[in-house]
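Colleague: Data file structure_4.json (JSON, C-alpha atoms) is appended below.
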[["chain", "number", "residue", "atom", "x", "y", "z"],
["A", 14, "MET", "CA", 0.00, 0.00, 0.00],
["A", 15, "THR", "CA", 2.80, 2.45, 0.91],
["A", 16, "PHE", "CA", 4.54, 1.87, -2.43],
["A", 17, "ILE", "CA", 1.32, 2.33, -4.39],
["A", 18, "ILE", "CA", 0.40, 5.58, -2.64],
["A", 19, "ARG", "CA", 3.94, 6.96, -3.01],
["A", 20, "SER", "CA", 3.72, 6.14, -6.73],
["A", 21, "ALA", "CA", 0.49, 8.12, -6.89],
["A", 22, "LEU", "CA", 2.11, 11.05, -5.14],
["A", 23, "THR", "CA", 5.09, 11.06, -7.52],
["A", 24, "LYS", "CA", 3.21, 10.21, -10.71],
["A", 25, "ASN", "CA", 2.94, 13.79, -11.94],
["A", 26, "ARG", "CA", 6.05, 15.27, -10.34],
["A", 27, "SER", "CA", 7.44, 18.22, -12.25],
["A", 28, "LEU", "CA", 9.18, 21.55, -11.79],
["A", 29, "TRP", "CA", 7.23, 24.55, -10.54],
["A", 30, "LEU", "CA", 4.97, 25.75, -13.35],
["A", 31, "PRO", "CA", 3.47, 29.19, -12.76],
["A", 32, "GLY", "CA", 0.19, 30.31, -14.26],
["A", 33, "LEU", "CA", -2.42, 28.45, -16.24],
["A", 34, "SER", "CA", -0.27, 25.43, -17.14],
["A", 35, "ALA", "CA", -0.04, 24.49, -13.46],
["A", 36, "VAL", "CA", -3.76, 25.08, -12.98],
["A", 37, "ARG", "CA", -4.54, 22.79, -15.89],
["A", 38, "ALA", "CA", -2.22, 20.18, -14.40],
["A", 39, "ILE", "CA", -4.28, 19.99, -11.22],
["A", 40, "SER", "CA", -7.61, 20.36, -13.02],
["A", 41, "SER", "CA", -7.18, 17.39, -15.34],
["A", 42, "PRO", "CA", -10.36, 15.48, -16.25],
["A", 43, "GLY", "CA", -8.84, 12.14, -15.20],
["A", 44, "GLY", "CA", -10.48, 10.07, -12.52],
["A", 45, "PRO", "CA", -9.32, 9.03, -9.04],
["A", 46, "THR", "CA", -5.71, 7.90, -8.60],
["A", 47, "PRO", "CA", -5.39, 4.19, -7.75],
["A", 48, "PRO", "CA", -5.57, 2.74, -5.16],
["A", 49, "PHE", "CA", -8.05, 5.51, -4.28],
["A", 50, "THR", "CA", -11.61, 5.60, -5.56],
["A", 51, "THR", "CA", -12.60, 9.05, -4.26],
["A", 52, "LEU", "CA", -9.34, 11.04, -4.47],
["A", 53, "SER", "CA", -7.11, 12.21, -7.29],
["A", 54, "VAL", "CA", -3.52, 12.74, -6.10],
["A", 55, "SER", "CA", -0.80, 14.53, -8.07],
["A", 56, "GLN", "CA", 2.24, 16.76, -7.65],
["A", 57, "PRO", "CA", 1.81, 19.75, -9.98],
["A", 58, "ALA", "CA", 4.84, 21.57, -8.57],
["A", 59, "THR", "CA", 8.02, 20.74, -6.71],
["A", 60, "ALA", "CA", 7.24, 19.69, -3.11],
["A", 61, "VAL", "CA", 3.51, 20.44, -3.58],
["A", 62, "THR", "CA", 0.96, 17.62, -3.39],
["A", 63, "HIS", "CA", -2.55, 18.16, -4.70],
["A", 64, "ILE", "CA", -5.47, 16.14, -3.35],
["A", 65, "GLU", "CA", -8.70, 16.51, -5.29],
["A", 66, "LEU", "CA", -11.99, 15.17, -3.96],
["A", 67, "HIS", "CA", -13.06, 13.27, -7.05],
["A", 68, "ARG", "CA", -16.71, 12.21, -7.16],
["A", 69, "PRO", "CA", -18.00, 15.08, -9.32],
["A", 70, "GLU", "CA", -20.98, 13.04, -10.50],
["A", 71, "LYS", "CA", -22.03, 12.82, -6.81],
["A", 72, "ARG", "CA", -21.08, 16.44, -6.01],
["A", 73, "ASN", "CA", -18.06, 15.00, -4.15],
["A", 74, "ALA", "CA", -20.32, 13.56, -1.46],
["A", 75, "MET", "CA", -18.39, 11.72, 1.25],
["A", 76, "ASN", "CA", -19.02, 7.98, 1.05],
["A", 77, "LYS", "CA", -17.51, 5.20, 3.19],
["A", 78, "ALA", "CA", -14.44, 4.92, 0.97],
["A", 79, "PHE", "CA", -13.69, 8.65, 1.27],
["A", 80, "TRP", "CA", -13.47, 8.58, 5.06],
["A", 81, "ARG", "CA", -10.96, 5.72, 4.93],
["A", 82, "GLU", "CA", -8.95, 6.99, 1.96],
["A", 83, "MET", "CA", -8.34, 10.45, 3.41],
["A", 84, "VAL", "CA", -6.69, 8.84, 6.44],
["A", 85, "GLU", "CA", -4.56, 6.58, 4.25],
["A", 86, "CYS", "CA", -3.54, 9.47, 1.99],
["A", 87, "PHE", "CA", -2.61, 11.93, 4.75],
["A", 88, "THR", "CA", -0.76, 9.24, 6.70],
["A", 89, "GLN", "CA", 1.54, 8.81, 3.71],
["A", 90, "ILE", "CA", 1.84, 12.55, 3.04],
["A", 91, "ALA", "CA", 2.89, 13.23, 6.63],
["A", 92, "GLU", "CA", 5.86, 10.91, 6.15],
["A", 93, "ASP", "CA", 6.72, 11.87, 2.56],
["A", 94, "PRO", "CA", 9.94, 13.95, 2.50],
["A", 95, "ASP", "CA", 9.17, 15.08, -1.06],
["A", 96, "CYS", "CA", 6.00, 16.86, 0.07],
["A", 97, "ARG", "CA", 6.19, 20.20, 1.89],
["A", 98, "VAL", "CA", 2.72, 21.64, 1.21],
["A", 99, "VAL", "CA", -0.70, 20.17, 0.40],
["A", 100, "VAL", "CA", -3.47, 21.74, -1.70],
["A", 101, "VAL", "CA", -6.97, 20.27, -1.33],
["A", 102, "SER", "CA", -9.74, 21.01, -3.83],
["A", 103, "GLY", "CA", -12.89, 19.45, -5.27],
["A", 104, "ALA", "CA", -13.51, 18.24, -8.83],
["A", 105, "GLY", "CA", -16.42, 19.71, -10.75],
["A", 106, "GLU", "CA", -18.64, 22.64, -9.90],
["A", 107, "VAL", "CA", -18.87, 22.20, -6.11],
["A", 108, "PHE", "CA", -16.36, 21.43, -3.37],
["A", 109, "THR", "CA", -18.57, 18.89, -1.59],
["A", 110, "ALA", "CA", -22.22, 18.26, -0.81],
["A", 111, "GLY", "CA", -21.17, 16.71, 2.50],
["A", 112, "ILE", "CA", -21.92, 13.22, 3.77],
["A", 113, "ASP", "CA", -23.30, 10.66, 1.30],
["A", 114, "LEU", "CA", -26.39, 9.70, 3.29],
["A", 115, "MET", "CA", -27.40, 6.87, 0.97],
["A", 116, "ASP", "CA", -24.02, 5.18, 1.29],
["A", 117, "MET", "CA", -23.50, 5.89, 5.00],
["A", 118, "ALA", "CA", -26.99, 5.31, 6.38],
["A", 119, "SER", "CA", -26.63, 1.63, 7.31],
["A", 120, "GLU", "CA", -23.50, 2.17, 9.42],
["A", 121, "VAL", "CA", -24.50, 5.48, 11.02],
["A", 122, "LEU", "CA", -28.20, 4.82, 11.64],
["A", 123, "GLN", "CA", -28.06, 1.11, 12.39],
["A", 124, "PRO", "CA", -24.95, 0.35, 14.46],
["A", 125, "GLU", "CA", -24.49, -3.23, 15.61],
["A", 126, "GLY", "CA", -24.99, -4.27, 19.23],
["A", 127, "ASP", "CA", -26.89, -6.78, 21.36],
["A", 128, "ASP", "CA", -28.11, -4.14, 23.82],
["A", 129, "MET", "CA", -28.04, -0.38, 24.43],
["A", 130, "ALA", "CA", -24.55, -0.40, 25.95],
["A", 131, "ARG", "CA", -23.00, -2.39, 23.11],
["A", 132, "THR", "CA", -24.80, -0.44, 20.42],
["A", 133, "SER", "CA", -23.67, 2.83, 22.00],
["A", 134, "TRP", "CA", -20.09, 1.61, 22.31],
["A", 135, "ASN", "CA", -20.04, 0.70, 18.63],
["A", 136, "MET", "CA", -21.57, 4.06, 17.68],
["A", 137, "ARG", "CA", -18.86, 5.87, 19.65],
["A", 138, "ARG", "CA", -16.21, 3.86, 17.80],
["A", 139, "ILE", "CA", -17.76, 4.77, 14.45],
["A", 140, "ILE", "CA", -17.89, 8.48, 15.29],
["A", 141, "ALA", "CA", -14.27, 8.45, 16.52],
["A", 142, "LYS", "CA", -13.21, 6.79, 13.26],
["A", 143, "TYR", "CA", -14.86, 9.51, 11.20],
["A", 144, "GLN", "CA", -13.39, 12.25, 13.39],
["A", 145, "GLU", "CA", -9.94, 10.89, 12.55],
["A", 146, "THR", "CA", -10.53, 11.61, 8.85],
["A", 147, "PHE", "CA", -10.21, 15.34, 9.52],
["A", 148, "SER", "CA", -8.08, 15.34, 12.66],
["A", 149, "ILE", "CA", -5.30, 13.72, 10.63],
["A", 150, "ILE", "CA", -5.29, 16.80, 8.37],
["A", 151, "GLU", "CA", -4.78, 19.04, 11.38],
["A", 152, "ARG", "CA", -2.02, 16.79, 12.76],
["A", 153, "CYS", "CA", -0.21, 16.58, 9.42],
["A", 154, "PRO", "CA", 2.98, 18.65, 9.85],
["A", 155, "LYS", "CA", 2.73, 19.87, 6.24],
["A", 156, "PRO", "CA", 0.60, 23.03, 5.81],
["A", 157, "VAL", "CA", -2.70, 22.34, 4.04],
["A", 158, "VAL", "CA", -4.29, 24.94, 1.73],
["A", 159, "VAL", "CA", -7.91, 24.23, 0.83],
["A", 160, "ALA", "CA", -9.62, 25.78, -2.21],
["A", 161, "VAL", "CA", -13.43, 25.85, -2.18],
["A", 162, "GLN", "CA", -15.79, 26.51, -5.08],
["A", 163, "GLY", "CA", -19.57, 26.30, -5.04],
["A", 164, "ALA", "CA", -21.15, 24.39, -2.17],
["A", 165, "CYS", "CA", -19.27, 23.38, 0.99],
["A", 166, "VAL", "CA", -21.89, 21.60, 3.06],
["A", 167, "GLY", "CA", -21.90, 19.64, 6.32],
["A", 168, "GLY", "CA", -18.79, 17.46, 6.36],
["A", 169, "GLY", "CA", -17.15, 19.97, 4.02],
["A", 170, "VAL", "CA", -17.09, 22.52, 6.83],
["A", 171, "ASP", "CA", -15.59, 19.87, 9.13],
["A", 172, "LEU", "CA", -12.88, 19.32, 6.51],
["A", 173, "ILE", "CA", -11.94, 22.92, 5.78],
["A", 174, "THR", "CA", -11.79, 23.96, 9.44],
["A", 175, "ALA", "CA", -9.09, 21.30, 9.92],
["A", 176, "CYS", "CA", -7.01, 22.92, 7.16],
["A", 177, "ASP", "CA", -4.50, 25.73, 7.71],
["A", 178, "ILE", "CA", -5.38, 28.19, 4.94],
["A", 179, "ARG", "CA", -8.81, 28.51, 3.35],
["A", 180, "LEU", "CA", -9.50, 30.10, -0.04],
["A", 181, "CYS", "CA", -12.76, 30.27, -1.98],
["A", 182, "THR", "CA", -14.41, 31.52, -5.15],
["A", 183, "GLN", "CA", -16.99, 34.31, -5.26],
["A", 184, "ASP", "CA", -19.75, 31.75, -5.84],
["A", 185, "ALA", "CA", -18.80, 29.62, -2.82],
["A", 186, "TRP", "CA", -21.16, 29.08, 0.09],
["A", 187, "PHE", "CA", -20.83, 27.24, 3.38],
["A", 188, "GLN", "CA", -23.47, 25.47, 5.45],
["A", 189, "VAL", "CA", -23.36, 23.68, 8.80],
["A", 190, "LYS", "CA", -26.17, 21.40, 7.68],
["A", 191, "GLU", "CA", -26.35, 18.81, 10.45],
["A", 192, "VAL", "CA", -29.29, 20.20, 12.46],
["A", 193, "ASP", "CA", -31.39, 19.94, 9.31],
["A", 194, "ILE", "CA", -30.89, 16.17, 9.29],
["A", 195, "GLY", "CA", -31.55, 15.73, 12.99],
["A", 196, "LEU", "CA", -28.10, 15.63, 14.58],
["A", 197, "ALA", "CA", -25.37, 17.78, 16.04],
["A", 198, "ALA", "CA", -22.24, 18.05, 13.91],
["A", 199, "ASP", "CA", -19.84, 15.52, 15.42],
["A", 200, "VAL", "CA", -16.60, 15.35, 13.43],
["A", 201, "GLY", "CA", -15.00, 18.76, 14.06],
["A", 202, "THR", "CA", -17.10, 21.77, 13.07],
["A", 203, "LEU", "CA", -18.44, 22.57, 16.56],
["A", 204, "GLN", "CA", -14.93, 22.26, 18.01],
["A", 205, "ARG", "CA", -12.88, 24.06, 15.33],
["A", 206, "LEU", "CA", -15.22, 26.67, 13.84],
["A", 207, "PRO", "CA", -15.35, 28.74, 17.08],
["A", 208, "LYS", "CA", -11.54, 28.91, 16.97],
["A", 209, "VAL", "CA", -11.58, 29.95, 13.30],
["A", 210, "ILE", "CA", -14.32, 32.61, 13.47],
["A", 211, "GLY", "CA", -13.94, 35.28, 16.13],
["A", 212, "SER", "CA", -17.65, 35.71, 16.82],
["A", 213, "ARG", "CA", -19.14, 33.00, 19.02],
["A", 214, "SER", "CA", -22.58, 34.43, 18.27],
["A", 215, "LEU", "CA", -22.06, 33.94, 14.54],
["A", 216, "VAL", "CA", -20.86, 30.37, 15.06],
["A", 217, "ASN", "CA", -23.93, 29.61, 17.15],
["A", 218, "GLU", "CA", -26.21, 31.15, 14.53],
["A", 219, "LEU", "CA", -24.69, 29.13, 11.70],
["A", 220, "ALA", "CA", -24.76, 25.86, 13.65],
["A", 221, "LEU", "CA", -28.27, 26.28, 15.04],
["A", 222, "THR", "CA", -30.06, 27.62, 11.95],
["A", 223, "ALA", "CA", -28.14, 25.79, 9.18],
["A", 224, "ARG", "CA", -28.30, 28.96, 7.09],
["A", 225, "LYS", "CA", -25.89, 29.46, 4.21],
["A", 226, "MET", "CA", -22.86, 31.71, 4.55],
["A", 227, "TYR", "CA", -21.68, 33.20, 1.27],
["A", 228, "ALA", "CA", -18.17, 34.14, 0.19],
["A", 229, "ASP", "CA", -18.15, 37.80, 1.24],
["A", 230, "GLU", "CA", -19.38, 37.00, 4.75],
["A", 231, "ALA", "CA", -16.94, 34.09, 4.97],
["A", 232, "LYS", "CA", -14.09, 36.50, 4.16],
["A", 233, "GLU", "CA", -15.35, 39.15, 6.57],
["A", 234, "SER", "CA", -15.72, 36.65, 9.43],
["A", 235, "GLY", "CA", -12.29, 35.08, 8.88],
["A", 236, "LEU", "CA", -13.45, 31.67, 7.66],
["A", 237, "VAL", "CA", -11.48, 32.26, 4.45],
["A", 238, "SER", "CA", -8.55, 34.58, 3.87],
["A", 239, "ARG", "CA", -9.03, 35.24, 0.14],
["A", 240, "VAL", "CA", -11.89, 35.24, -2.35],
["A", 241, "PHE", "CA", -11.23, 34.71, -6.08],
["A", 242, "PRO", "CA", -13.49, 35.45, -9.05],
["A", 243, "ASP", "CA", -13.54, 31.85, -10.32],
["A", 244, "LYS", "CA", -12.10, 28.38, -9.82],
["A", 245, "GLU", "CA", -9.21, 28.81, -12.26],
["A", 246, "ALA", "CA", -8.02, 31.98, -10.55],
["A", 247, "MET", "CA", -8.41, 30.33, -7.14],
["A", 248, "LEU", "CA", -6.35, 27.29, -8.10],
["A", 249, "ALA", "CA", -3.67, 29.54, -9.56],
["A", 250, "GLY", "CA", -3.65, 31.49, -6.28],
["A", 251, "ALA", "CA", -3.52, 28.30, -4.22],
["A", 252, "LEU", "CA", -0.56, 27.01, -6.24],
["A", 253, "GLU", "CA", 1.27, 30.31, -5.97],
["A", 254, "MET", "CA", 0.77, 30.32, -2.20],
["A", 255, "ALA", "CA", 1.83, 26.68, -1.92],
["A", 256, "GLY", "CA", 4.95, 27.46, -3.94],
["A", 257, "GLU", "CA", 5.86, 30.29, -1.58],
["A", 258, "ILE", "CA", 5.50, 27.99, 1.44],
["A", 259, "ALA", "CA", 7.35, 25.11, -0.23],
["A", 260, "GLY", "CA", 10.27, 27.43, -0.95],
["A", 261, "ARG", "CA", 10.93, 28.00, 2.76],
["A", 262, "SER", "CA", 12.83, 25.76, 5.15],
["A", 263, "PRO", "CA", 10.74, 22.66, 5.91],
["A", 264, "VAL", "CA", 12.14, 22.76, 9.46],
["A", 265, "ALA", "CA", 10.79, 26.29, 9.89],
["A", 266, "VAL", "CA", 7.46, 25.68, 8.12],
["A", 267, "GLN", "CA", 6.54, 22.44, 9.85],
["A", 268, "GLY", "CA", 7.68, 23.76, 13.22],
["A", 269, "THR", "CA", 5.51, 26.84, 12.69],
["A", 270, "LYS", "CA", 2.40, 24.75, 11.96],
["A", 271, "VAL", "CA", 2.94, 22.47, 14.95],
["A", 272, "ASN", "CA", 3.35, 25.41, 17.31],
["A", 273, "LEU", "CA", 0.41, 27.37, 15.89],
["A", 274, "ILE", "CA", -1.86, 24.40, 16.57],
["A", 275, "TYR", "CA", -0.40, 23.93, 20.05],
["A", 276, "SER", "CA", -0.74, 27.61, 20.97],
["A", 277, "ARG", "CA", -4.37, 27.66, 19.81],
["A", 278, "ASP", "CA", -5.27, 25.07, 22.44],
["A", 279, "HIS", "CA", -3.03, 26.23, 25.31],
["A", 280, "SER", "CA", -2.28, 29.36, 27.32],
["A", 281, "VAL", "CA", 0.36, 31.85, 26.20],
["A", 282, "ALA", "CA", 2.71, 30.66, 28.94],
["A", 283, "GLU", "CA", 2.27, 27.01, 27.95],
["A", 284, "GLY", "CA", 2.78, 27.90, 24.29],
["A", 285, "LEU", "CA", 5.98, 29.78, 25.00],
["A", 286, "ASN", "CA", 7.33, 26.92, 27.10],
["A", 287, "TYR", "CA", 6.54, 24.43, 24.33],
["A", 288, "MET", "CA", 8.16, 26.74, 21.76],
["A", 289, "ALA", "CA", 11.35, 27.01, 23.80],
["A", 290, "THR", "CA", 11.53, 23.23, 24.10],
["A", 291, "TRP", "CA", 10.85, 22.85, 20.37],
["A", 292, "ASN", "CA", 13.46, 25.34, 19.19],
["A", 293, "MET", "CA", 16.20, 24.22, 21.58],
["A", 294, "SER", "CA", 16.79, 21.49, 19.01],
["A", 295, "MET", "CA", 15.22, 22.89, 15.82],
["A", 296, "LEU", "CA", 17.43, 26.00, 15.86],
["A", 297, "GLN", "CA", 20.40, 23.71, 15.45],
["A", 298, "THR", "CA", 19.88, 23.41, 11.72],
["A", 299, "GLU", "CA", 21.86, 24.59, 8.72],
["A", 300, "ASP", "CA", 18.60, 26.05, 7.37],
["A", 301, "VAL", "CA", 18.97, 29.05, 9.70],
["A", 302, "MET", "CA", 22.42, 29.95, 8.38],
["A", 303, "LYS", "CA", 21.34, 29.41, 4.77],
["A", 304, "SER", "CA", 18.25, 31.59, 5.22],
["A", 305, "ALA", "CA", 20.18, 34.32, 7.05],
["A", 306, "ALA", "CA", 22.83, 34.42, 4.32],
["A", 307, "ALA", "CA", 20.17, 34.69, 1.61],
["A", 308, "SER", "CA", 18.44, 37.48, 3.52],
["A", 309, "MET", "CA", 21.66, 39.48, 3.86],
["A", 310, "GLU", "CA", 22.24, 39.04, 0.13],
["A", 311, "LYS", "CA", 18.63, 40.14, -0.51],
["A", 312, "LYS", "CA", 17.80, 36.81, -2.13],
["A", 313, "SER", "CA", 14.52, 34.95, -1.88],
["A", 314, "PRO", "CA", 14.43, 31.85, 0.35],
["A", 315, "LYS", "CA", 13.22, 30.03, -2.78],
["A", 316, "THR", "CA", 16.76, 30.32, -4.19],
["A", 317, "ILE", "CA", 18.04, 28.06, -1.37],
["A", 318, "THR", "CA", 18.23, 24.29, -1.65],
["A", 319, "PHE", "CA", 17.01, 22.91, 1.65],
["A", 320, "SER", "CA", 17.52, 19.28, 2.62],
["A", 321, "LYS", "CA", 14.45, 17.07, 2.81],
["A", 322, "LEU", "CA", 12.83, 16.59, 6.19]]
For this file, produce the structure as structure tokens.
Modeller:
Amino acid sequence: MTFIIRSALTKNRSLWLPGLSAVRAISSPGGPTPPFTTLSVSQPATAVTHIELHRPEKRNAMNKAFWREMVECFTQIAEDPDCRVVVVSGAGEVFTAGIDLMDMASEVLQPEGDDMARTSWNMRRIIAKYQETFSIIERCPKPVVVAVQGACVGGGVDLITACDIRLCTQDAWFQVKEVDIGLAADVGTLQRLPKVIGSRSLVNELALTARKMYADEAKESGLVSRVFPDKEAMLAGALEMAGEIAGRSPVAVQGTKVNLIYSRDHSVAEGLNYMATWNMSMLQTEDVMKSAAASMEKKSPKTITFSKL
């Protein structure tokens, strides 16, 4: 399995291609990349891995295979020294319609068990398994840029709030849909969205009413950092941003992500203590001297060849 996935990650490896050629490379009409059935994986630029949700005929709805394949894919990416940044997008006109209820109903609505205790225990195990699908994105040391077009519903919000940088098109809209289907969102939205959006009142409104949030409001509230006129422009912007990140020291970039996540969930004092412990070893890298020398020579960090991490 490891060999097959690594082959998928390296299949389309090439040098950094700015502009429309790179966008076309990650917008190819091809189907999912084996062994996956719901994901297309490629490397459109040096050290950049692109993961595309690829069930456009089903509006990229999340079926049983998707929840498993995302874990398998990000497990490999986390350990891949050739990947420094990940871009996530959705094939077709929408990012995702959320959970595939038809495919998931039997497992979610009819868990096995001989009595209430055993049924409940199995349901908890199922929920924890699905939570891992997005938690593994957050734990991945490589920064993850997500690009959203059209609808981002239900599980889509769970997914994007686990990513590090969120971009969208002008026609994008977001919906915490779960209350409309009789449940509380249980795989990350209620835990991460309050940390992403500054207004607790707005989070409560979105989660309790299931109303749609459109691109301008998403930008204003901080859910996304940039809004693009269309998908092509957004993918070009995502690739440009990924290229900028990939050009920096992987020691610095991955250390920054790890400590940003830690500081979000801890006090300032705890975050500073963790940072000191982290950098007491991570500062002992040749990347610092290389970066300092480039800065003094007024050169971009992207001119430096950093060792793989």
Colleague: Could you check how far atom CA of A:Lys190 sits from atom CA of A:Met226, in Å to one decimal?
Modeller: 11.3 Å
Colleague: If you count all atoms listed in the file, which residues fall within 12 Å of stretch 288-297 of chain A, apart from same-chain ones fewer than 6 positions away, as a PyMOL selection string?
Modeller: chain A and resi 262-276+279+281-282+322
Colleague: Please work out which residues fall within 7 Å of (-9.3, 27.1, -1.1), coordinates as given in the file, with only C-alpha atoms counting, and return them as a PyMOL selection string.
Modeller: chain A and resi 102+158-161+179-181+247+251
Colleague: Calculated over only C-alpha atoms, which of the candidates A:His63, A:Gln89, A:Gly163, A:Pro156 has the smallest distance to A:Leu252?
Modeller: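 Comparing A:His63, A:Gln89, A:Gly163, A:Pro156 against A:Leu252, the winner is A:His63.
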Colleague: For the atom pair atom CA of A:Ser53 and atom CA of A:Glu65, what is the interatomic distance in Å to one decimal place?
Modeller: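 So the answer is 5.0 Å.
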Colleague: From the set A:Val84, A:Ile150, A:Ala185, A:Leu66, which residue has the shortest atom-to-atom contact distance to A:Ala228, counting all atoms listed in the file?
Modeller: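 Among the listed residues, the smallest separation from A:Ala228 belongs to A:Ala185.
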Colleague: Kindly give the distance, in Å, that separates atom CA of A:His67 and atom CA of A:Arg81, rounded to a single decimal.
Modeller: 14.3 Å
Colleague: Considering all atoms listed in the file, state which residue in the set A:Val98, A:Met115, A:Ala164, A:Val240 is at the smallest distance from A:Cys176.
Modeller: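 Closest to A:Cys176 of all the choices is A:Val98.
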Colleague: Would you mind listing what lies within 9 Å of stretch 301-306 of chain A as a PyMOL selection string, with all atoms listed in the file counted and same-chain residues fewer than 5 positions away left out?
Modeller: chain A and resi 261-262+265+296+311-314+317-319
Colleague: Do a neighbour search on A:Arg68 at 8 Å with only C-alpha atoms, toss out local chain neighbours closer than 3 positions, and write the hits as a VMD selection string.
Modeller: chain A and resid 51 to 52 71 to 74 104
